[in-house]
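Chemist: What follows is the file coords_33.cif, containing mmCIF, C-alpha atoms:
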```cif
data_run
#
loop_
_atom_site.label_atom_id
_atom_site.label_comp_id
_atom_site.auth_asym_id
_atom_site.auth_seq_id
_atom_site.Cartn_x
_atom_site.Cartn_y
_atom_site.Cartn_z
CA MET A 93 69.05 29.61 -143.44
CA GLY A 94 66.65 30.05 -146.13
CA GLN A 95 64.23 27.51 -144.81
CA THR A 96 61.13 29.04 -143.57
CA LEU A 97 59.61 27.85 -140.51
CA ARG A 98 56.17 26.79 -141.02
CA GLU A 99 53.63 28.00 -138.69
CA GLY A 100 53.14 25.27 -136.16
CA GLY A 101 55.47 23.05 -138.01
CA HIS A 102 57.12 21.55 -135.00
CA GLN A 103 55.02 19.59 -132.50
CA LEU A 104 56.12 18.13 -129.30
CA PRO A 105 55.06 14.62 -128.49
CA VAL A 106 52.12 14.29 -126.22
CA LEU A 107 54.02 12.10 -123.76
CA PHE A 108 57.66 12.03 -123.11
CA SER A 109 58.28 8.46 -122.17
CA ALA A 110 60.08 5.51 -123.39
CA GLY A 111 57.60 3.11 -121.76
CA SER A 112 54.11 2.03 -122.44
CA SER A 113 51.50 4.60 -122.78
CA ALA A 114 48.85 2.70 -120.64
CA PRO A 115 47.69 4.46 -117.35
CA ALA A 116 49.26 3.32 -114.04
CA PRO A 117 47.03 1.27 -111.67
CA THR A 118 45.56 2.87 -108.43
CA PRO A 119 47.23 1.49 -105.31
CA ARG A 120 44.92 -0.52 -102.87
CA ARG A 121 44.09 0.62 -99.19
CA LYS A 122 44.83 -1.80 -96.36
CA LYS A 123 41.77 -3.27 -94.48
CA ARG A 124 41.12 -1.91 -90.85
CA THR A 125 38.50 -4.43 -89.68
CA GLY A 126 40.44 -5.47 -86.54
CA LEU A 127 40.49 -1.92 -85.24
CA VAL A 128 36.77 -1.46 -85.66
CA VAL A 129 36.04 -4.71 -83.91
CA GLY A 130 38.27 -3.70 -81.05
CA LEU A 131 36.59 -0.35 -80.70
CA LEU A 132 33.16 -1.88 -80.78
CA GLY A 133 34.13 -4.46 -78.15
CA GLY A 134 35.44 -1.77 -75.83
CA ALA A 135 32.28 0.27 -76.18
CA ALA A 136 30.16 -2.76 -75.35
CA LEU A 137 32.23 -3.46 -72.27
CA VAL A 138 31.88 0.12 -71.09
CA ALA A 139 28.15 -0.01 -71.68
CA ALA A 140 27.87 -3.28 -69.77
CA VAL A 141 29.77 -1.83 -66.83
CA ALA A 142 27.58 1.26 -66.92
CA VAL A 143 24.41 -0.83 -66.95
CA THR A 144 25.73 -2.96 -64.11
CA GLN A 145 26.61 0.16 -62.12
CA VAL A 146 23.15 1.64 -62.65
CA THR A 147 21.49 -1.64 -61.77
CA ALA A 148 23.57 -1.96 -58.63
CA ASN A 149 22.70 1.60 -57.59
CA LEU A 150 18.99 1.08 -58.15
CA GLY A 151 19.02 -2.22 -56.30
CA TYR A 152 20.88 -0.71 -53.38
CA ASP A 153 18.56 2.30 -53.21
CA SER A 154 15.49 0.05 -53.21
CA ALA A 155 16.96 -2.19 -50.49
CA ALA A 156 17.96 0.84 -48.43
CA SER A 157 14.47 2.36 -48.74
CA GLN A 158 12.78 -0.88 -47.68
CA TYR A 159 15.19 -1.33 -44.80
CA GLU A 160 14.70 2.22 -43.54
CA SER A 161 10.92 1.78 -43.66
CA THR A 162 11.13 -1.48 -41.69
CA ALA A 163 13.64 0.04 -39.27
CA GLN A 164 11.42 3.07 -38.65
CA THR A 165 8.38 0.90 -37.98
CA THR A 166 10.38 -1.29 -35.62
CA SER A 167 11.92 1.73 -33.89
CA THR A 168 8.44 3.13 -33.27
CA ALA A 169 7.37 -0.24 -31.89
CA LYS A 170 10.39 -0.26 -29.56
CA ALA A 171 9.44 3.15 -28.17
CA GLN A 172 5.87 1.99 -27.60
CA VAL A 173 6.90 -1.22 -25.87
CA ARG A 174 9.38 0.72 -23.75
CA GLU A 175 6.51 2.92 -22.53
CA GLU A 176 4.37 -0.13 -21.90
CA ILE A 177 7.16 -1.70 -19.85
CA ALA A 178 7.40 1.49 -17.79
CA GLY A 179 3.66 1.27 -17.16
CA LEU A 180 3.96 -2.37 -16.09
CA ARG A 181 6.89 -1.53 -13.81
CA ALA A 182 4.88 1.27 -12.21
CA THR A 183 2.03 -1.14 -11.61
CA THR A 184 4.21 -3.90 -10.14
CA ASP A 185 6.06 -1.36 -7.97
CA ALA A 186 2.78 -0.07 -6.57
CA ALA A 187 1.59 -3.63 -6.09
CA ALA A 188 4.79 -4.46 -4.24
CA ARG A 189 4.03 -1.65 -1.78
CA ILE A 190 0.66 -3.19 -1.10
CA ILE A 191 2.14 -6.65 -0.61
CA ALA A 192 5.03 -5.37 1.50
CA GLY A 193 2.56 -4.33 4.20
CA GLY A 194 2.55 -7.91 5.39
CA ASN A 195 -0.07 -8.80 8.00
CA GLN A 196 -2.59 -5.97 8.04
CA PRO A 197 -5.45 -5.26 10.49
CA ILE A 198 -8.06 -5.83 7.79
CA ALA A 199 -7.27 -9.31 6.57
CA VAL A 200 -7.65 -10.27 2.91
CA PRO A 201 -8.50 -13.90 2.06
CA ASP A 202 -5.37 -15.97 1.56
CA ASP A 203 -6.26 -17.09 -1.95
CA VAL A 204 -6.86 -13.49 -3.03
CA HIS A 205 -3.55 -12.36 -1.57
CA THR A 206 -1.67 -15.33 -3.07
CA GLY A 207 -3.13 -14.72 -6.52
CA PHE A 208 -2.10 -11.10 -6.34
CA ALA A 209 1.47 -11.95 -5.32
CA ALA A 210 1.77 -14.49 -8.15
CA ALA A 211 0.55 -11.93 -10.70
CA VAL A 212 3.13 -9.44 -9.46
CA ASP A 213 5.93 -12.00 -9.77
CA ASP A 214 4.83 -12.89 -13.30
CA GLY A 215 4.61 -9.22 -14.20
CA THR A 216 8.15 -8.58 -12.99
CA VAL A 217 9.50 -11.44 -15.10
CA THR A 218 7.52 -10.29 -18.14
CA ALA A 219 8.91 -6.78 -17.82
CA SER A 220 12.46 -8.09 -17.68
CA ASP A 221 11.91 -10.31 -20.73
CA ALA A 222 10.42 -7.44 -22.69
CA GLU A 223 13.33 -5.19 -21.76
CA GLY A 224 15.64 -7.78 -23.32
CA VAL A 225 13.71 -7.54 -26.59
CA VAL A 226 13.70 -3.74 -26.54
CA ALA A 227 17.45 -3.71 -25.94
CA ALA A 228 18.12 -5.24 -29.39
CA GLU A 229 19.89 -2.75 -31.68
CA ILE A 230 18.60 -1.63 -35.07
CA PRO A 231 21.71 -1.09 -37.29
CA ALA A 232 21.98 2.14 -39.27
CA VAL A 233 22.14 1.99 -43.08
CA GLY A 234 25.60 3.52 -43.23
CA ALA A 235 27.36 5.21 -46.14
CA LYS A 236 26.49 4.12 -49.65
CA PRO A 237 29.35 2.34 -51.50
CA ASP A 238 30.61 3.64 -54.86
CA TRP A 239 31.23 0.64 -57.08
CA PHE A 240 28.81 -1.99 -58.26
CA TRP A 241 30.69 -4.87 -56.72
CA GLU A 242 30.47 -3.09 -53.35
CA LEU A 243 26.84 -2.12 -53.94
CA PHE A 244 25.81 -5.70 -54.62
CA GLY A 245 27.36 -6.87 -51.35
CA ALA A 246 25.83 -3.98 -49.37
CA THR A 247 22.42 -4.64 -50.92
CA SER A 248 22.54 -8.27 -49.85
CA GLN A 249 23.52 -7.23 -46.34
CA LEU A 250 20.62 -4.73 -46.16
CA GLU A 251 18.17 -7.41 -47.18
CA GLN A 252 19.46 -9.70 -44.46
CA GLN A 253 19.23 -6.89 -41.92
CA ARG A 254 15.69 -6.06 -43.04
CA HIS A 255 14.61 -9.64 -42.38
CA ALA A 256 16.29 -9.54 -38.97
CA VAL A 257 14.66 -6.20 -38.06
CA GLY A 258 11.32 -7.52 -39.30
CA ALA A 259 11.71 -10.49 -36.98
CA LEU A 260 12.48 -8.05 -34.14
CA SER A 261 9.26 -6.22 -34.97
CA ASP A 262 7.36 -9.47 -34.56
CA GLU A 263 9.05 -10.07 -31.22
CA LEU A 264 8.11 -6.57 -30.11
CA THR A 265 4.48 -7.20 -31.03
CA GLU A 266 4.52 -10.36 -28.94
CA ALA A 267 6.26 -8.58 -26.07
CA SER A 268 3.66 -5.80 -26.20
CA THR A 269 0.88 -8.34 -25.85
CA ASP A 270 2.66 -10.08 -22.96
CA VAL A 271 3.24 -6.80 -21.15
CA ALA A 272 -0.38 -5.72 -21.58
CA ASP A 273 -1.64 -9.09 -20.33
CA ALA A 274 0.69 -9.01 -17.32
CA ARG A 275 -0.35 -5.49 -16.37
CA HIS A 276 -4.00 -6.42 -16.69
CA ALA A 277 -3.46 -9.45 -14.45
CA VAL A 278 -1.71 -7.39 -11.77
CA THR A 279 -4.35 -4.70 -11.96
CA GLU A 280 -7.27 -7.09 -11.74
CA SER A 281 -5.86 -9.10 -8.86
CA GLY A 282 -4.73 -5.92 -7.09
CA LEU A 283 -8.18 -4.37 -7.34
CA VAL A 284 -9.64 -7.51 -5.83
CA VAL A 285 -7.30 -7.11 -2.84
CA ILE A 286 -8.09 -3.41 -2.40
CA ALA A 287 -11.82 -3.91 -2.83
CA ALA A 288 -11.82 -6.84 -0.41
CA ALA A 289 -10.22 -4.68 2.27
CA GLY A 290 -12.57 -1.79 1.53
CA THR A 291 -15.74 -3.87 1.72
CA ALA A 292 -14.51 -5.52 4.94
CA ALA A 293 -14.11 -2.15 6.67
CA PRO A 294 -17.69 -1.90 8.03
CA SER A 295 -17.51 -5.30 9.72
CA PHE A 296 -14.07 -4.40 11.01
CA GLU A 297 -15.48 -1.19 12.46
CA ALA A 298 -18.35 -3.07 14.06
CA ALA A 299 -15.87 -5.43 15.71
CA HIS A 300 -14.20 -2.46 17.43
CA PRO A 301 -17.06 -0.42 18.92
CA SER A 302 -14.88 1.37 21.46
CA ALA A 303 -12.60 2.94 18.84
CA ARG A 304 -12.53 6.72 18.86
CA ASN A 305 -14.59 8.68 16.39
CA GLU A 306 -11.62 10.22 14.60
CA ALA A 307 -10.19 6.79 13.80
CA VAL A 308 -13.57 5.45 12.68
CA ILE A 309 -14.14 8.44 10.39
CA ALA A 310 -10.69 8.00 8.87
CA LEU A 311 -11.45 4.31 8.33
CA ARG A 312 -14.71 5.10 6.58
CA ASP A 313 -13.10 7.70 4.33
CA ALA A 314 -10.27 5.34 3.40
CA ALA A 315 -12.71 2.49 2.74
CA ALA A 316 -14.73 4.74 0.42
CA ASP A 317 -11.57 5.55 -1.52
CA ALA A 318 -10.62 1.87 -1.69
CA THR A 319 -13.96 0.69 -3.03
CA THR A 320 -13.87 3.30 -5.81
CA THR A 321 -10.31 2.56 -6.91
CA THR A 322 -10.12 1.49 -10.56
CA THR A 323 -6.41 1.01 -11.20
CA VAL A 324 -3.28 -0.16 -9.42
CA ASP A 325 -0.78 2.66 -9.20
CA GLU A 326 0.99 4.72 -6.55
CA GLY A 327 -2.28 6.41 -5.67
CA ALA A 328 -4.00 3.07 -5.20
CA ALA A 329 -1.16 1.81 -3.02
CA THR A 330 -1.45 4.96 -0.91
CA VAL A 331 -5.21 4.44 -0.59
CA TYR A 332 -4.76 0.83 0.47
CA LEU A 333 -2.06 1.63 3.01
CA ALA A 334 -4.14 4.53 4.33
CA LEU A 335 -7.04 2.12 4.83
CA GLN A 336 -4.88 -0.33 6.71
CA GLY A 337 -3.32 2.52 8.67
CA ALA A 338 -6.76 3.77 9.67
CA ALA A 339 -7.70 0.24 10.69
CA ALA A 340 -4.60 0.10 12.85
CA GLN A 341 -5.68 3.36 14.52
CA VAL A 342 -9.12 1.90 15.16
CA VAL A 343 -7.48 -0.95 17.05
CA ALA A 344 -5.04 1.35 18.84
CA THR A 345 -7.66 3.86 20.00
CA GLU A 346 -9.99 1.10 21.13
CA ASN A 347 -7.20 -0.37 23.23
CA GLU A 348 -6.53 3.05 24.71
CA GLU A 349 -10.21 3.56 25.52
CA LEU A 350 -10.50 0.15 27.11
CA ALA A 351 -7.41 0.85 29.17
CA GLU A 352 -8.93 4.11 30.40
CA LYS A 353 -12.19 2.38 31.33
CA ALA A 354 -10.54 -0.61 32.96
CA GLY A 355 -11.64 -1.54 36.45
CA PRO A 356 -14.63 -3.08 38.18
CA LEU A 357 -17.09 -0.97 36.17
CA LEU A 358 -15.62 -1.82 32.73
CA ASN A 359 -18.23 -4.34 31.62
CA THR A 360 -21.12 -2.17 32.85
CA ARG A 361 -19.69 0.88 31.11
CA LEU A 362 -19.40 -1.05 27.83
CA GLU A 363 -22.99 -2.26 28.25
CA ILE A 364 -24.22 1.30 28.74
CA GLU A 365 -22.27 2.48 25.71
CA ALA A 366 -23.80 -0.28 23.60
CA PHE A 367 -27.25 0.73 24.89
CA ALA A 368 -26.65 4.36 23.89
CA ARG A 369 -25.51 3.37 20.42
CA SER A 370 -28.60 1.22 19.98
CA LEU A 371 -30.78 4.31 20.57
CA ALA A 372 -29.09 6.29 17.79
CA PRO A 373 -27.85 3.97 15.05
CA GLY A 374 -25.63 5.73 12.57
CA VAL A 375 -24.41 8.30 15.09
CA LEU A 376 -20.78 7.97 16.10
CA LEU A 377 -20.50 8.15 19.87
CA ASP A 378 -17.43 8.57 22.02
CA PHE A 379 -17.72 8.08 25.79
CA ASP A 380 -15.76 9.55 28.65
CA TRP A 381 -16.25 8.51 32.25
CA ALA A 382 -15.46 10.49 35.38
CA PRO A 383 -16.46 10.53 39.07
CA VAL A 384 -18.27 13.86 38.64
CA VAL A 385 -19.87 15.26 35.47
CA SER A 386 -21.82 18.54 35.38
CA GLY A 387 -21.45 18.74 39.14
CA ALA A 388 -23.15 15.42 39.83
CA GLY A 389 -21.95 11.95 40.63
CA TYR A 390 -21.89 11.59 44.40
CA ASN A 391 -24.57 10.77 46.93
CA GLY A 392 -26.74 8.95 44.45
CA SER A 393 -26.71 11.77 41.90
CA MET A 394 -25.88 11.20 38.23
CA GLY A 395 -24.38 13.56 35.73
CA GLY A 396 -24.06 13.70 31.98
CA TYR A 397 -22.81 16.11 29.35
CA THR A 398 -22.82 15.82 25.57
CA THR A 399 -20.89 17.63 22.86
CA TRP A 400 -21.92 17.27 19.23
CA TRP A 401 -20.79 18.77 15.95
CA TRP A 402 -23.25 20.45 13.60
CA GLY A 403 -20.74 20.45 10.75
CA ASP A 404 -19.93 16.77 11.20
CA SER A 405 -23.39 15.26 11.37
CA GLY A 406 -23.71 12.06 13.30
CA ARG A 407 -20.82 12.57 15.70
CA ALA A 408 -20.82 13.29 19.42
CA THR A 409 -19.02 12.71 22.71
CA ILE A 410 -21.02 11.77 25.80
CA GLN A 411 -19.60 12.18 29.29
CA LEU A 412 -21.16 10.17 32.10
CA SER A 413 -20.51 9.99 35.80
CA ASN A 414 -19.41 6.69 37.28
CA SER A 415 -22.65 6.66 39.28
CA VAL A 416 -24.60 6.03 36.06
CA ALA A 417 -22.78 2.71 35.78
CA GLU A 418 -23.04 2.04 39.51
CA GLN A 419 -26.86 2.35 39.37
CA TRP A 420 -27.26 0.49 36.07
CA PRO A 421 -29.63 -0.96 34.89
CA ALA A 422 -32.05 1.21 36.87
CA VAL A 423 -34.64 3.00 34.76
CA ARG A 424 -33.34 6.36 35.96
CA SER A 425 -29.87 5.48 34.57
CA LYS A 426 -31.41 4.56 31.25
CA ALA A 427 -33.50 7.74 31.21
CA LEU A 428 -30.45 9.92 31.82
CA VAL A 429 -28.51 8.15 29.07
CA ALA A 430 -31.49 8.61 26.71
CA HIS A 431 -31.45 12.35 27.46
CA GLU A 432 -27.76 12.58 26.53
CA VAL A 433 -28.34 10.59 23.35
CA GLY A 434 -31.14 13.08 22.57
CA HIS A 435 -28.44 15.77 22.46
CA ALA A 436 -26.17 13.60 20.33
CA ILE A 437 -28.78 12.69 17.73
CA SER A 438 -29.86 16.30 17.35
CA ALA A 439 -26.89 16.70 15.03
CA LYS A 440 -29.04 14.83 12.49
CA CYS A 441 -32.19 16.84 13.22
CA GLN A 442 -30.99 20.42 13.61
CA SER A 443 -33.91 21.94 11.73
CA MET A 444 -36.52 20.30 13.97
CA TYR A 445 -36.09 22.59 16.98
CA ASP A 446 -34.82 25.93 18.18
CA SER A 447 -31.20 25.51 19.21
CA SER A 448 -30.60 29.17 19.98
CA THR A 449 -31.03 28.88 23.77
CA GLN A 450 -29.77 26.42 26.34
CA ASP A 451 -33.28 25.94 27.71
CA SER A 452 -34.58 24.97 24.27
CA ILE A 453 -31.67 22.60 23.75
CA GLU A 454 -32.34 20.84 27.06
CA LYS A 455 -36.09 20.71 26.43
CA TRP A 456 -35.37 19.01 23.06
CA ALA A 457 -33.17 16.30 24.62
CA THR A 458 -35.81 15.69 27.29
CA ALA A 459 -38.55 15.51 24.66
CA TRP A 460 -36.50 13.05 22.63
CA ALA A 461 -36.02 10.76 25.65
CA ILE A 462 -39.77 10.87 26.30
CA SER A 463 -40.49 10.13 22.61
CA MET A 464 -38.32 7.03 22.98
CA GLY A 465 -40.37 5.87 26.00
CA TYR A 466 -38.03 6.85 28.84
CA THR A 467 -40.36 8.67 31.18
CA ASP A 468 -38.42 8.66 34.46
CA ASP A 469 -37.72 12.21 35.65
CA ALA A 470 -34.01 11.57 35.16
CA ASN A 471 -34.75 12.01 31.45
CA GLY A 472 -34.37 15.77 32.05
CA VAL A 473 -37.77 16.64 33.49
CA TRP A 474 -36.38 16.86 37.02
CA ALA A 475 -33.60 19.23 35.98
CA TYR A 476 -35.22 21.25 33.14
CA GLY A 477 -38.97 20.79 33.42
CA TYR A 478 -41.45 19.11 31.12
CA PRO A 479 -40.99 19.97 27.43
CA PRO A 480 -43.78 21.32 25.20
CA GLN A 481 -45.83 18.69 23.38
CA ASN A 482 -44.78 20.03 20.00
CA TYR A 483 -41.17 19.24 20.94
CA ILE A 484 -42.13 15.71 21.84
CA ASP A 485 -44.00 15.34 18.57
CA ALA A 486 -41.05 16.73 16.58
CA ALA A 487 -38.54 14.58 18.46
CA ALA A 488 -40.53 11.49 17.51
CA GLY A 489 -39.46 12.19 13.93
CA CYS A 490 -35.75 12.26 14.75
CA ARG A 491 -34.35 8.77 14.55
#
```
Have the structure of the file written as structure tokens, please.
Modeler:
Amino acid sequence: MGQTLREGGHQLPVLFSAGSSAPAPTPRRKKRTGLVVGLLGGAALVAAVAVTQVTANLGYDSAASQYESTAQTTSTAKAQVREEIAGLRATTDAAARIIAGGNQPIAVPDDVHTGFAAAVDDGTVTASDAEGVVAAEIPAVGAKPDWFWELFGATSQLEQQRHAVGALSDELTEASTDVADARHAVTESGLVVIAAAGTAAPSFEAAHPSARNEAVIALRDAAADATTTTTVDEGAATVYLALQGAAAQVVATENEELAEKAGPLLNTRLEIEAFARSLAPGVLLDFDWAPVVSGAGYNGSMGGYTTWWWGDSGRATIQLSNSVAEQWPAVRSKALVAHEVGHAISAKCQSMYDSSTQDSIEKWATAWAISMGYTDDANGVWAYGYPPQNYIDAAAGCR
């Protein structure tokens, strides 16, 4: 009780333990290398897939772009060739109309006609062949796939299609050339046919002198159109058929005229008509014959009457009494015919005389006959009196 506690006299031990006083060891962490490797491998795989996907997309897009460009070019070529085929068809159709006429009044040389027909046949075949090329389809690109394995397959297919469409483009180029060549051949040979008929028209006209003026004028107009034709189309076919139609009318009207003039005086009438035409070359003359013309024709009298057209220079109709033929080739018959031709040819020389009075008109025809050397009074002197010298001088310039 009496013991005094010393200040700080009791100290607790620093460590309460019955064991060793050495520090405990730090526990080790387990290694995680396998996990890291796994994660890195997965990332690489994802990256590889991503790169493959991007590559596949880019490859597909490039193939699609190239294909579309080739397809567009080929599609444009198809449209062009289709138009060219239509042009060839139009040409061969028109040519067929020309050929279908068969035997025509104005004959075309056999070799020319045969060459034309062969060109048309070849052109028809060429058009059909070209239509087969144009009918080939150009596939559409279609929807773009999603995954790379689909994209790779689609890209390969597009490349194959591009080569096929490119080959079609080459075929179209060849077809275009064939079509153009065929159309040129038909056109050239057709123009030869049309021109041959047109240039033959004058000799055809000359072979049918008794044809009526209207038919001859139509023939001349159609021949002029034919010789200026530069292409074979529906218009050209119409021109050619119009020419042959006019030629047919020349034959028909000549036959009608000859039928009207048939009888014992036929040959004499035709001789007189030829004589009249020889006095006024270039003037179209029709002739009508009757027992009495202008009140004359019996008892040795002769009559004549002429109608001409100022607006259609070089055309006239001469009427003669049968007695002109009965007295042919007397000089008085020739003088009377010369007087009538003087009226007819005045259509070419209207400004050379006064045509305002009947007396002046008759004096001109008489003067013209005299200027041609037909001095018998039947030249108009007996009926109308002797014309003034200035009329005779003027008439000498009308030929």
Chemist: What does the PyMOL selection byres ((chain A and resi 454) around 10) select in this file, as a PyMOL selection string?
Modeler: chain A and resi 431-432+434-435+447+449-453+455-460+472-473+475-477+479
Chemist: Restrict the selected residues to C-alpha atoms and save them as a PDB file, in the frame of the given file.
Modeler:
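Contents of out-v5.pdb, as written:
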```pdb
ATOM      1  CA  HIS A 431     -31.450  12.350  27.460  1.00  0.00           C
ATOM      2  CA  GLU A 432     -27.760  12.580  26.530  1.00  0.00           C
ATOM      3  CA  GLY A 434     -31.140  13.080  22.570  1.00  0.00           C
ATOM      4  CA  HIS A 435     -28.440  15.770  22.460  1.00  0.00           C
ATOM      5  CA  SER A 447     -31.200  25.510  19.210  1.00  0.00           C
ATOM      6  CA  THR A 449     -31.030  28.880  23.770  1.00  0.00           C
ATOM      7  CA  GLN A 450     -29.770  26.420  26.340  1.00  0.00           C
ATOM      8  CA  ASP A 451     -33.280  25.940  27.710  1.00  0.00           C
ATOM      9  CA  SER A 452     -34.580  24.970  24.270  1.00  0.00           C
ATOM     10  CA  ILE A 453     -31.670  22.600  23.750  1.00  0.00           C
ATOM     11  CA  LYS A 455     -36.090  20.710  26.430  1.00  0.00           C
ATOM     12  CA  TRP A 456     -35.370  19.010  23.060  1.00  0.00           C
ATOM     13  CA  ALA A 457     -33.170  16.300  24.620  1.00  0.00           C
ATOM     14  CA  THR A 458     -35.810  15.690  27.290  1.00  0.00           C
ATOM     15  CA  ALA A 459     -38.550  15.510  24.660  1.00  0.00           C
ATOM     16  CA  TRP A 460     -36.500  13.050  22.630  1.00  0.00           C
ATOM     17  CA  GLY A 472     -34.370  15.770  32.050  1.00  0.00           C
ATOM     18  CA  VAL A 473     -37.770  16.640  33.490  1.00  0.00           C
ATOM     19  CA  ALA A 475     -33.600  19.230  35.980  1.00  0.00           C
ATOM     20  CA  TYR A 476     -35.220  21.250  33.140  1.00  0.00           C
ATOM     21  CA  GLY A 477     -38.970  20.790  33.420  1.00  0.00           C
ATOM     22  CA  PRO A 479     -40.990  19.970  27.430  1.00  0.00           C
TER      23      PRO A 479
END
```
Chemist: Give as a list in words the set of residues within 9 Å of the point (-39.8, 12.7, 14.8), where distances use the file's coordinates and all atoms listed in the file.
Modeler: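 Here the neighbourhood of the point contains Cys441, Met444, Trp460, Ser463, Ile484, Asp485, Ala486, Ala487, Ala488, Gly489, Cys490 and Arg491 of chain A.
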Chemist: Which residue gives the smallest distance to His255 in chain A among A:Val204, A:Trp381, A:Thr291, A:Ile230, with only C-alpha atoms counted?
Modeler: A:Ile230
Chemist: Taking the file as shown, what set of residues would the PyMOL selection byres ((chain A and resi 287-289) around 9) give back, as a PyMOL selection string?
Modeler: chain A and resi 198-201+204+282-286+290-293+315+318-321+332+335-336
Chemist: Export, as a short mmCIF file (atom, residue, chain, number, x, y, z; two decimals), in the frame of the given file, the selected residues with C-alpha atoms.
Modeler:
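Output file result03.cif follows:
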```
data_model
loop_
_atom_site.label_atom_id
_atom_site.label_comp_id
_atom_site.auth_asym_id
_atom_site.auth_seq_id
_atom_site.Cartn_x
_atom_site.Cartn_y
_atom_site.Cartn_z
CA ILE A 198 -8.06 -5.83 7.79
CA ALA A 199 -7.27 -9.31 6.57
CA VAL A 200 -7.65 -10.27 2.91
CA PRO A 201 -8.50 -13.90 2.06
CA VAL A 204 -6.86 -13.49 -3.03
CA GLY A 282 -4.73 -5.92 -7.09
CA LEU A 283 -8.18 -4.37 -7.34
CA VAL A 284 -9.64 -7.51 -5.83
CA VAL A 285 -7.30 -7.11 -2.84
CA ILE A 286 -8.09 -3.41 -2.40
CA GLY A 290 -12.57 -1.79 1.53
CA THR A 291 -15.74 -3.87 1.72
CA ALA A 292 -14.51 -5.52 4.94
CA ALA A 293 -14.11 -2.15 6.67
CA ALA A 315 -12.71 2.49 2.74
CA ALA A 318 -10.62 1.87 -1.69
CA THR A 319 -13.96 0.69 -3.03
CA THR A 320 -13.87 3.30 -5.81
CA THR A 321 -10.31 2.56 -6.91
CA TYR A 332 -4.76 0.83 0.47
CA LEU A 335 -7.04 2.12 4.83
CA GLN A 336 -4.88 -0.33 6.71
#
```
Chemist: Which residue gives the smallest distance to Asp238 in chain A among A:Gln481, A:Gln145, A:Gln341, A:Thr399, with all atoms listed in the file counted?
Modeler: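 Nearest candidate to Asp238 in chain A out of A:Gln481, A:Gln145, A:Gln341, A:Thr399: A:Gln145.
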Chemist: For this file, the PyMOL selection byres ((chain A and resi 153) around 12) selects which residues, as a list in words?
Modeler: Val146, Thr147, Ala148, Asn149, Leu150, Gly151, Tyr152, Ser154, Ala155, Ala156, Ser157, Gln158, Tyr159, Glu160, Val233, Ala235, Lys236, Pro237, Leu243, Phe244, Ala246, Thr247, Ser248, Leu250 and Glu251 of chain A
Chemist: Measuring between all atoms listed in the file, which one of A:Glu242, A:Asp203, A:Glu349, A:Asp380 shows the shortest distance to Pro301 in chain A?
Modeler: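 Among A:Glu242, A:Asp203, A:Glu349, A:Asp380, it is A:Glu349 that comes nearest to Pro301 in chain A.
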Chemist: With all atoms listed in the file as the basis for distance, which of A:Val212, A:Val343, A:Val324, A:Ala163 is at the shortest distance from Gly258 in chain A?
Modeler: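 Looking only at the distances to Gly258 in chain A, the closest residue turns out to be A:Ala163.
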Chemist: Where does range 410-480 of chain A meet range 352-355 of chain A within 12 Å, residue by residue, with the nearest atom pair and distance in Å to one decimal for each, counting all atoms listed in the file, listed by chain and rising number, as a tab-separated table?
Modeler:
```
residue	atom	partner	partner_atom	distance
A:Leu412	CA	A:Lys353	CA	11.9
A:Asn414	CA	A:Lys353	CA	10.3
A:Ala417	CA	A:Lys353	CA	11.5
```
Chemist: Looking at A:Val342, A:Ala298, A:Leu376, A:Ala422, which one is nearest to Arg407 in chain A, with distances taken over only C-alpha atoms?
Modeler: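 For Arg407 in chain A, the nearest of the given residues is A:Leu376.
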Chemist: Please identify all polymer residues lying at most 9 Å from the point (-24.6, 21.4, 17.2) (file coordinates), using only C-alpha atoms, and present the result as a short mmCIF file (atom, residue, chain, number, x, y, z; two decimals) with C-alpha atoms, keeping the file's coordinate frame.
Modeler:
```
data_model
loop_
_atom_site.label_atom_id
_atom_site.label_comp_id
_atom_site.auth_asym_id
_atom_site.auth_seq_id
_atom_site.Cartn_x
_atom_site.Cartn_y
_atom_site.Cartn_z
CA THR A 399 -20.89 17.63 22.86
CA TRP A 400 -21.92 17.27 19.23
CA TRP A 401 -20.79 18.77 15.95
CA TRP A 402 -23.25 20.45 13.60
CA GLY A 403 -20.74 20.45 10.75
CA ASP A 404 -19.93 16.77 11.20
CA SER A 405 -23.39 15.26 11.37
CA HIS A 435 -28.44 15.77 22.46
CA ALA A 436 -26.17 13.60 20.33
CA SER A 438 -29.86 16.30 17.35
CA ALA A 439 -26.89 16.70 15.03
CA GLN A 442 -30.99 20.42 13.61
CA SER A 447 -31.20 25.51 19.21
#
```
Chemist: Find the residue from A:Gly193, A:Gly392, A:Pro480, A:Gly179 that sits nearest to Thr330 in chain A; use all atoms listed in the file when measuring.
Modeler: A:Gly193
Chemist: Measure the distance from CA of Ala178 in chain A to CA of Arg254 in chain A in Å and round it to one decimal.
Modeler: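 Taking CA of Ala178 in chain A and CA of Arg254 in chain A, their separation equals 27.6 Å.
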Chemist: Can you sort out the box for range 369-376 of chain A, edges along x, y and z, all listed atoms in, 8 Å on every side, with centre and edge lengths in Å to one decimal, as JSON?
Modeler:
```
{"center_x": -25.8, "center_y": 4.8, "center_z": 16.6, "size_x": 26.0, "size_y": 23.1, "size_z": 24.0}
```
Chemist: Interatomic distance between CA of Ser161 in chain A and CA of Glu263 in chain A?
Modeler: 17.3 Å
